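Source file: input.tsv (TSV, C-alpha atoms)
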chain	number	residue	atom	x	y	z
N	1289	MET	CA	75.53	124.50	166.21
N	1290	ASN	CA	72.90	127.00	165.14
N	1291	ARG	CA	69.86	126.22	163.08
N	1292	SER	CA	71.30	127.15	159.69
N	1293	ASP	CA	74.38	124.99	160.32
N	1294	ALA	CA	72.13	122.04	161.12
N	1295	VAL	CA	70.14	122.57	157.93
N	1296	ALA	CA	73.37	122.80	155.90
N	1297	ILE	CA	74.76	119.59	157.42
N	1298	GLY	CA	71.46	117.81	156.86
N	1299	ALA	CA	71.33	118.93	153.25
N	1300	ALA	CA	74.92	117.85	152.68
N	1301	ALA	CA	74.22	114.43	154.18
N	1302	ALA	CA	71.12	114.02	152.04
N	1303	LEU	CA	73.09	114.99	148.97
N	1304	ALA	CA	75.85	112.54	149.84
N	1305	VAL	CA	73.32	109.72	150.25
N	1306	ALA	CA	71.67	110.66	146.95
N	1307	VAL	CA	75.01	110.71	145.14
N	1308	GLY	CA	75.94	107.40	146.70
N	1309	ILE	CA	72.68	105.79	145.63
N	1310	GLY	CA	73.00	107.36	142.19
N	1311	ALA	CA	76.54	106.03	141.77
N	1312	GLY	CA	75.43	102.61	142.93
N	1313	LEU	CA	72.57	102.54	140.45
N	1314	TRP	CA	74.84	103.77	137.70
N	1315	ARG	CA	77.36	101.09	138.48
N	1316	ARG	CA	74.66	98.45	138.26
N	1317	ALA	CA	73.29	99.84	134.98
N	1318	ALA	CA	76.58	100.33	133.10
N	1319	PRO	CA	78.46	97.34	131.66
N	1320	ALA	CA	81.74	96.19	133.20
N	1321	PRO	CA	84.81	97.73	131.55
N	1322	PRO	CA	85.68	95.86	128.36
N	1323	PRO	CA	89.23	94.75	127.58
N	1324	GLU	CA	91.28	97.75	126.50
N	1325	ILE	CA	92.29	97.29	122.87
N	1326	GLY	CA	93.43	99.34	119.88
N	1327	GLY	CA	89.81	99.84	118.91
N	1328	TYR	CA	86.68	98.94	120.84
N	1329	VAL	CA	84.82	95.93	122.18
N	1330	LEU	CA	81.03	96.02	121.90
N	1331	PRO	CA	79.13	95.83	125.22
N	1332	SER	CA	77.23	92.84	123.85
N	1333	PRO	CA	77.71	90.93	120.59
N	1334	LYS	CA	75.75	92.30	117.64
N	1335	PRO	CA	74.22	89.75	115.21
N	1336	LEU	CA	74.92	90.33	111.51
N	1337	GLY	CA	71.41	89.84	110.16
N	1338	ALA	CA	70.62	88.05	106.92
N	1339	LEU	CA	73.36	87.99	104.25
N	1340	ALA	CA	73.82	86.35	100.86
N	1341	LEU	CA	77.44	86.68	99.71
N	1342	VAL	CA	79.88	84.65	97.62
N	1343	ASP	CA	83.39	83.66	98.66
N	1344	ASP	CA	86.51	83.56	96.50
N	1345	ARG	CA	85.97	79.84	95.82
N	1346	GLY	CA	82.49	80.56	94.47
N	1347	ALA	CA	80.65	79.19	97.53
N	1348	LYS	CA	77.54	80.92	98.83
N	1349	ILE	CA	78.06	82.53	102.23
N	1350	ALA	CA	75.20	83.33	104.61
N	1351	ALA	CA	75.41	84.96	108.02
N	1352	GLN	CA	75.34	81.59	109.80
N	1353	ASP	CA	78.48	80.51	107.89
N	1354	PHE	CA	80.49	82.75	110.21
N	1355	ALA	CA	79.45	80.62	113.20
N	1356	GLY	CA	81.92	78.37	114.98
N	1357	ARG	CA	85.02	80.49	114.45
N	1358	TRP	CA	86.42	83.92	115.20
N	1359	SER	CA	86.37	85.93	111.97
N	1360	PHE	CA	88.48	88.95	111.09
N	1361	LEU	CA	86.83	91.09	108.39
N	1362	TYR	CA	88.67	93.75	106.41
N	1363	PHE	CA	87.11	95.75	103.58
N	1364	GLY	CA	89.25	96.58	100.55
N	1365	TYR	CA	89.77	95.90	96.84
N	1366	THR	CA	92.41	94.34	94.67
N	1367	TYR	CA	93.08	97.59	92.74
N	1368	CYS	CA	94.32	99.13	96.00
N	1369	PRO	CA	98.14	98.94	95.81
N	1370	ASP	CA	99.13	100.37	99.18
N	1371	VAL	CA	96.87	100.13	102.23
N	1372	CYS	CA	95.12	96.85	101.35
N	1373	PRO	CA	98.27	94.76	100.84
N	1374	LEU	CA	99.74	96.42	103.92
N	1375	THR	CA	96.77	95.37	106.06
N	1376	LEU	CA	96.63	91.83	104.63
N	1377	VAL	CA	100.33	91.37	105.41
N	1378	GLU	CA	99.58	92.43	109.00
N	1379	LEU	CA	96.62	90.05	109.18
N	1380	ALA	CA	98.79	87.18	107.93
N	1381	GLU	CA	101.21	88.06	110.75
N	1382	VAL	CA	98.33	88.18	113.24
N	1383	LYS	CA	97.25	84.70	112.17
N	1384	LYS	CA	100.78	83.35	112.64
N	1385	LYS	CA	101.13	84.96	116.06
N	1386	LEU	CA	97.75	83.68	117.22
N	1387	ALA	CA	98.56	80.13	116.10
N	1388	GLU	CA	101.10	80.24	118.95
N	1389	ARG	CA	99.34	82.54	121.40
N	1390	THR	CA	95.76	81.24	121.25
N	1391	PRO	CA	96.14	77.86	119.53
N	1392	SER	CA	92.67	76.75	120.65
N	1393	ALA	CA	90.96	79.65	118.86
N	1394	ALA	CA	89.67	78.75	115.39
N	1395	LEU	CA	90.21	81.79	113.15
N	1396	SER	CA	89.23	82.92	109.68
N	1397	VAL	CA	90.31	86.04	107.83
N	1398	TYR	CA	87.99	87.59	105.24
N	1399	PHE	CA	88.87	90.28	102.70
N	1400	VAL	CA	85.53	91.82	101.72
N	1401	SER	CA	85.59	93.45	98.29
N	1402	VAL	CA	84.28	97.00	98.13
N	1403	ASP	CA	84.68	96.78	94.36
N	1404	PRO	CA	82.59	93.81	93.18
N	1405	GLN	CA	82.41	95.31	89.68
N	1406	ARG	CA	86.12	94.63	89.09
N	1407	ASP	CA	86.96	92.04	91.75
N	1408	SER	CA	85.79	88.75	90.29
N	1409	THR	CA	85.86	85.67	92.53
N	1410	GLU	CA	88.88	84.43	90.53
N	1411	ARG	CA	90.78	87.67	91.04
N	1412	LEU	CA	89.85	87.72	94.74
N	1413	HIS	CA	91.03	84.13	95.12
N	1414	GLU	CA	94.43	84.84	93.56
N	1415	TYR	CA	94.72	87.98	95.65
N	1416	VAL	CA	93.79	86.75	99.12
N	1417	THR	CA	95.61	83.42	98.91
N	1418	TYR	CA	98.80	85.27	97.94
N	1419	PHE	CA	98.83	86.69	101.47
N	1420	ASP	CA	97.83	83.46	103.16
N	1421	PRO	CA	96.52	80.25	101.60
N	1422	ASP	CA	93.72	80.13	104.21
N	1423	PHE	CA	92.44	83.66	103.66
N	1424	HIS	CA	88.96	84.11	102.22
N	1425	GLY	CA	87.61	86.70	99.80
N	1426	LEU	CA	84.00	87.84	99.97
N	1427	THR	CA	82.00	89.54	97.26
N	1428	GLY	CA	78.46	89.67	95.92
N	1429	ASP	CA	75.78	92.19	95.08
N	1430	ILE	CA	76.63	95.69	96.18
N	1431	ALA	CA	73.47	95.63	98.36
N	1432	GLN	CA	74.70	92.53	100.22
N	1433	ILE	CA	78.21	93.91	100.69
N	1434	THR	CA	76.62	97.11	101.96
N	1435	ALA	CA	74.50	95.06	104.38
N	1436	LEU	CA	77.63	93.40	105.76
N	1437	ALA	CA	79.39	96.77	106.00
N	1438	ASN	CA	76.40	98.19	107.86
N	1439	ALA	CA	76.33	95.26	110.24
N	1440	VAL	CA	79.96	95.73	111.26
N	1441	GLY	CA	79.93	99.56	111.11
N	1442	ALA	CA	82.13	99.88	108.02
N	1443	VAL	CA	81.71	102.29	105.11
N	1444	PHE	CA	82.88	102.40	101.50
N	1445	PHE	CA	82.16	104.67	98.57
N	1446	VAL	CA	83.51	105.73	95.19
N	1447	PRO	CA	84.50	109.41	95.30
N	1448	PRO	CA	82.86	111.21	92.36
N	1449	GLY	CA	84.57	112.46	89.21
N	1450	GLN	CA	86.69	109.42	88.43
N	1451	ASP	CA	87.32	107.35	85.32
N	1452	GLU	CA	84.89	104.43	85.10
N	1453	LYS	CA	87.70	101.92	84.57
N	1454	THR	CA	90.46	103.17	86.87
N	1455	TYR	CA	88.37	104.56	89.74
N	1456	LEU	CA	89.53	104.33	93.34
N	1457	VAL	CA	87.32	103.34	96.26
N	1458	SER	CA	87.44	104.85	99.74
N	1459	HIS	CA	86.85	102.37	102.54
N	1460	SER	CA	87.01	101.89	106.29
N	1461	SER	CA	90.47	101.17	107.60
N	1462	SER	CA	89.22	99.15	110.59
N	1463	ILE	CA	89.11	95.38	111.03
N	1464	ALA	CA	85.91	93.88	112.45
N	1465	LEU	CA	86.00	90.81	114.68
N	1466	LEU	CA	83.11	88.35	114.76
N	1467	GLU	CA	82.86	85.90	117.64
N	1468	PRO	CA	81.98	82.23	117.14
N	1469	SER	CA	78.25	82.98	117.49
N	1470	GLY	CA	78.66	84.89	114.22
N	1471	ALA	CA	77.98	88.25	115.88
N	1472	VAL	CA	80.22	91.33	115.87
N	1473	ARG	CA	82.33	91.43	119.05
N	1474	ALA	CA	84.99	94.09	118.44
N	1475	VAL	CA	86.49	96.53	115.97
N	1476	PHE	CA	90.24	97.12	115.62
N	1477	THR	CA	91.01	100.63	114.43
N	1478	ALA	CA	93.94	101.64	112.19
N	1479	PRO	CA	96.89	101.86	112.09
N	1480	HIS	CA	97.16	98.10	112.43
N	1481	ASP	CA	100.18	96.48	113.99
N	1482	ALA	CA	100.19	92.68	113.99
N	1483	GLU	CA	101.61	92.44	117.51
N	1484	GLN	CA	98.97	94.82	118.88
N	1485	VAL	CA	96.06	93.12	117.10
N	1486	ALA	CA	97.27	89.68	118.25
N	1487	ALA	CA	97.63	90.88	121.84
N	1488	ASP	CA	94.19	92.53	121.68
N	1489	PHE	CA	92.60	89.40	120.29
N	1490	ALA	CA	94.18	87.32	123.06
N	1491	LYS	CA	92.53	89.63	125.64
N	1492	ILE	CA	89.15	89.35	123.93
N	1493	TYR	CA	89.50	85.60	123.61
N	1494	ALA	CA	90.41	85.20	127.28
N	1495	ARG	CA	87.42	87.29	128.31
N	1496	TYR	CA	84.67	86.08	125.99
N	1497	ALA	CA	85.61	82.67	124.57
N	1498	SER	CA	84.02	80.75	127.42
N	1499	ARG	CA	80.76	82.70	127.51
N	1500	PRO	CA	79.35	83.23	124.04
O	156	MET	CA	100.08	114.02	88.29
O	157	ILE	CA	99.97	111.55	85.43
O	158	VAL	CA	102.64	111.03	82.83
O	159	THR	CA	101.85	108.26	80.44
O	160	ASN	CA	104.52	106.33	78.62
O	161	LEU	CA	103.21	107.62	75.31
O	162	GLY	CA	103.57	111.13	76.60
O	163	ARG	CA	102.73	114.27	74.68
O	164	PRO	CA	105.32	115.49	72.19
O	165	ALA	CA	105.77	118.78	74.02
O	166	LEU	CA	106.42	116.98	77.28
O	167	GLY	CA	108.87	114.62	75.59
O	168	VAL	CA	110.88	117.58	74.34
O	169	LEU	CA	110.72	119.16	77.75
O	170	LEU	CA	111.97	115.98	79.40
O	171	ALA	CA	114.78	115.62	76.88
O	172	GLY	CA	115.82	119.20	77.63
O	173	LEU	CA	115.75	118.58	81.34
O	174	ALA	CA	117.79	115.40	80.95
O	175	CYS	CA	120.47	117.36	79.06
O	176	ALA	CA	120.40	120.07	81.66
O	177	GLN	CA	121.08	117.51	84.34
O	178	ALA	CA	123.76	115.74	82.33
O	179	VAL	CA	125.89	118.88	82.03
O	180	GLY	CA	125.40	119.81	85.70
O	181	ALA	CA	127.80	118.68	88.40
O	182	GLU	CA	126.47	116.78	91.42
O	183	PRO	CA	122.75	115.95	91.01
O	184	SER	CA	120.72	117.81	93.59
O	185	ILE	CA	118.14	115.05	94.05
O	186	HIS	CA	119.08	111.68	95.48
O	187	ILE	CA	116.68	108.75	95.51
O	188	VAL	CA	117.54	106.16	98.14
O	189	ASP	CA	115.97	102.95	99.52
O	190	ALA	CA	113.65	102.60	96.54
O	191	TRP	CA	111.58	99.42	96.40
O	192	ALA	CA	108.46	98.20	94.67
O	193	ARG	CA	105.93	95.97	96.38
O	194	ALA	CA	105.74	92.55	94.72
O	195	THR	CA	102.17	92.06	93.53
O	196	PRO	CA	99.77	89.16	93.80
O	197	PRO	CA	98.94	87.50	90.47
O	198	GLY	CA	96.28	89.25	88.41
O	199	VAL	CA	96.66	92.59	90.14
O	200	GLU	CA	96.58	95.68	87.93
O	201	ASN	CA	98.35	98.21	90.11
O	202	GLY	CA	101.58	98.41	92.07
O	203	ALA	CA	103.36	100.80	94.40
O	204	VAL	CA	106.91	102.13	94.65
O	205	TYR	CA	108.37	103.60	97.82
O	206	CYS	CA	111.62	105.53	98.32
O	207	LYS	CA	113.26	108.44	100.07
O	208	ILE	CA	113.78	111.60	98.05
O	209	GLN	CA	116.65	113.71	99.34
O	210	ASN	CA	116.82	117.21	97.99
O	211	HIS	CA	120.31	118.68	98.28
O	212	GLY	CA	119.44	121.64	96.07
O	213	GLY	CA	116.95	124.49	96.21
O	214	ALA	CA	113.21	124.11	96.64
O	215	ASP	CA	111.83	121.72	94.04
O	216	ARG	CA	108.74	119.69	93.22
O	217	LEU	CA	108.18	116.13	92.06
O	218	VAL	CA	105.80	116.69	89.17
O	219	GLY	CA	105.65	113.36	87.37
O	220	ALA	CA	106.93	109.82	87.01
O	221	ARG	CA	106.96	107.06	84.44
O	222	THR	CA	108.09	103.49	83.99
O	223	SER	CA	108.01	100.92	81.23
O	224	ALA	CA	106.55	98.48	83.79
O	225	ALA	CA	103.15	100.21	83.85
O	226	ARG	CA	100.80	102.24	81.71
O	227	ALA	CA	101.14	105.28	83.96
O	228	VAL	CA	102.59	106.37	87.27
O	229	GLU	CA	100.60	108.56	89.64
O	230	ILE	CA	101.83	110.01	92.90
O	231	HIS	CA	99.20	109.13	95.48
O	232	GLU	CA	98.73	109.74	99.12
O	233	SER	CA	96.79	107.28	101.29
O	234	VAL	CA	94.87	109.52	103.65
O	235	ALA	CA	93.04	108.18	106.69
O	236	ARG	CA	90.29	110.47	107.83
O	237	ASN	CA	87.59	109.59	110.35
O	238	GLY	CA	88.43	105.92	110.04
O	239	VAL	CA	88.12	105.92	106.25
O	240	VAL	CA	91.15	105.54	104.05
O	241	GLU	CA	91.24	107.05	100.60
O	242	MET	CA	93.90	107.58	97.96
O	243	ARG	CA	94.39	111.12	96.78
O	244	LEU	CA	96.20	112.12	93.64
O	245	VAL	CA	99.12	114.43	94.40
O	246	ASP	CA	99.66	116.89	91.55
O	247	ALA	CA	103.07	118.03	92.71
O	248	LEU	CA	105.01	116.87	95.74
O	249	PRO	CA	106.89	119.84	97.24
O	250	LEU	CA	110.51	119.35	98.28
O	251	ASP	CA	111.91	122.13	100.43
O	252	THR	CA	115.56	123.04	100.28
O	253	GLY	CA	117.56	120.32	101.96
O	254	ALA	CA	114.42	118.30	102.71
O	255	SER	CA	114.08	114.54	102.68
O	256	VAL	CA	110.65	113.23	101.78
O	257	GLU	CA	109.71	109.62	102.35
O	258	LEU	CA	107.34	107.67	100.16
O	259	ALA	CA	106.32	104.89	102.54
O	260	PRO	CA	103.62	102.21	102.91
O	261	GLY	CA	100.36	103.68	104.14
O	262	GLY	CA	101.36	107.18	103.05
O	263	THR	CA	102.63	108.78	99.87
O	264	HIS	CA	103.59	106.33	97.16
O	265	ALA	CA	104.15	106.17	93.42
O	266	MET	CA	101.21	104.13	92.16
O	267	LEU	CA	101.97	102.07	89.08
O	268	VAL	CA	98.71	102.07	87.15
O	269	GLY	CA	98.12	99.23	84.72
O	270	LEU	CA	101.08	96.92	85.28
O	271	ALA	CA	102.45	95.32	82.12
O	272	ALA	CA	103.10	92.17	84.18
O	273	PRO	CA	102.99	91.25	87.88
O	274	LEU	CA	105.93	92.58	89.88
O	275	VAL	CA	107.95	89.56	90.93
O	276	ALA	CA	110.29	89.68	93.91
O	277	GLY	CA	113.93	89.84	92.87
O	278	ALA	CA	113.22	91.65	89.60
O	279	LYS	CA	114.05	95.30	89.00
O	280	ILE	CA	112.07	98.01	87.28
O	281	GLU	CA	113.28	101.35	86.06
O	282	LEU	CA	111.42	104.37	87.41
O	283	THR	CA	111.92	107.88	86.09
O	284	LEU	CA	110.96	110.72	88.39
O	285	VAL	CA	110.45	114.18	86.95
O	286	PHE	CA	111.30	117.21	89.08
O	287	ALA	CA	110.34	120.78	88.21
O	288	THR	CA	113.88	122.11	88.68
O	289	ALA	CA	116.27	119.18	88.95
O	290	GLY	CA	114.87	117.48	85.87
O	291	VAL	CA	114.61	113.75	85.46
O	292	VAL	CA	116.13	111.21	87.82
O	293	THR	CA	116.01	107.56	86.86
O	294	VAL	CA	116.35	104.84	89.47
O	295	GLN	CA	116.52	101.06	89.39
O	296	VAL	CA	113.86	99.80	91.77
O	297	PRO	CA	114.14	96.30	93.23
O	298	VAL	CA	110.88	94.40	93.61
O	299	VAL	CA	110.52	93.18	97.18
O	300	ASP	CA	108.17	90.60	98.65
O	301	ALA	CA	106.60	92.76	101.36
O	302	ARG	CA	105.18	89.70	103.08
O	303	ALA	CA	108.71	89.31	104.39
O	304	PRO	CA	110.09	91.90	106.86
O	305	PRO	CA	110.77	95.46	105.65
O	306	PRO	CA	113.08	95.92	102.68
O	307	ALA	CA	116.14	96.63	104.82
O	308	HIS	CA	115.93	92.98	105.91
O	309	GLU	CA	114.82	91.53	102.64
O	310	HIS	CA	117.05	88.49	103.00
O	311	GLU	CA	115.11	87.20	105.98
O	312	HIS	CA	112.24	85.83	103.92
O	313	ARG	CA	109.85	84.12	106.22
O	314	GLY	CA	108.14	82.15	103.46
O	315	GLN	CA	104.37	82.28	103.93

Kindly present the structure from the file in structure tokens form.
Amino acid sequence: MNRSDAVAIGAAAALAVAVGIGAGLWRRAAPAPPPEIGGYVLPSPKPLGALALVDDRGAKIAAQDFAGRWSFLYFGYTYCPDVCPLTLVELAEVKKKLAERTPSAALSVYFVSVDPQRDSTERLHEYVTYFDPDFHGLTGDIAQITALANAVGAVFFVPPGQDEKTYLVSHSSSIALLEPSGAVRAVFTAPHDAEQVAADFAKIYARYASRP
Amino acid sequence: MIVTNLGRPALGVLLAGLACAQAVGAEPSIHIVDAWARATPPGVENGAVYCKIQNHGGADRLVGARTSAARAVEIHESVARNGVVEMRLVDALPLDTGASVELAPGGTHAMLVGLAAPLVAGAKIELTLVFATAGVVTVQVPVVDARAPPPAHEHEHRGQ
């Protein structure tokens, strides 16, 4: 071995040690892989922050009212004739499947109105309970609905240039999942299939139910 | 694309002409199959109709629709982009020669704007589709409770 060989081997060894240490540190710093779902699981639950909403029965809903149960949140509006009913039908299926698959998990499903101007609590009540008698509607001031949307990473807006009575609203297609602490745990991305969402929830429940 | 029930006189004449043109023709070039309307929750203003449009003739376009069950019918497309879903008005739905176009949940649909009454499962509504070349095609559309399995299995109501 000549001198330059020795230097090369030494450098390679030093590099290997550095890479090894780096990988070790990285492994310690990065979170463990989350359950693989049709969407994403947050590395740690994200609290909602203060909220003042109204449900479809006229009851005031604050952030702490989501505590104690797993909550599925979908944003939509009753004027939406296609995607919103489609998603609520899937969520009703999810609820039925989970009653068998994770019977110990207390669940609530919320349809959050992105159109509080037209969706009265009465209209929301008729609408959500058509899909499942236990479903909840949520509405309130646009600022409060926006705060909830922000907290779960959802968006909604009225595209410009529409009639003020028959306007359509664009909205996120995802479903947010709150854990029983009331914090955001996961987001299911569209397209939604009841079997997939139920299977994904079962994975999340198995992983996180016992350590809030 | 919006055709109100009141219609404009000129359009009414045009439609009448097209209807005659179709009546004297032989086999209609447009077939509408598997049409169904989503039953609506109480109090809801809008509905949706889905179907397959089979074009056995030359290139054509769906340019309008109307029904007595609603104030207007608009062809809409639900478009998901960057995780946001929006409905876009479709002015004219192109139908290539020999093409079959599906209006299906979560995609293109005929939106019934301003329902006269809720759409109740088991009822039928009449929907008239207006094509640029083939003229008008009227179909009887059964109202289906979409909480049950897809319309092909509409007898297996699961009862929510």

Could you list, as an MDAnalysis selection string, the residues of chain N having an atom within 10 Å of chain O when counting all atoms listed in the file? chainID N and resid 1364 1366:1378 1380:1381 1384 1407 1410:1421 1442:1447 1454 1456:1462 1477:1479

Go through N:Glu1452, N:Asp1353, N:Asp1481, N:Glu1324 one by one, measure the shortest atom-to-atom distance of each to Leu1336 of chain N using all atoms listed in the file, and give the residue with the smallest value.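 For Leu1336 of chain N, the nearest of the given residues is N:Asp1353.
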
Figure out the distance between atom CA of Lys207 of chain O and atom CA of Thr283 of chain O, please, to one decimal in Å. 14.1 Å

Between atom CA of Val291 of chain O and atom CA of Ser223 of chain O - distance in Å to one decimal: 15.0 Å

So how far away is atom CA of Ala1439 of chain N from atom CA of Ala1338 of chain N, in Å? 9.8 Å
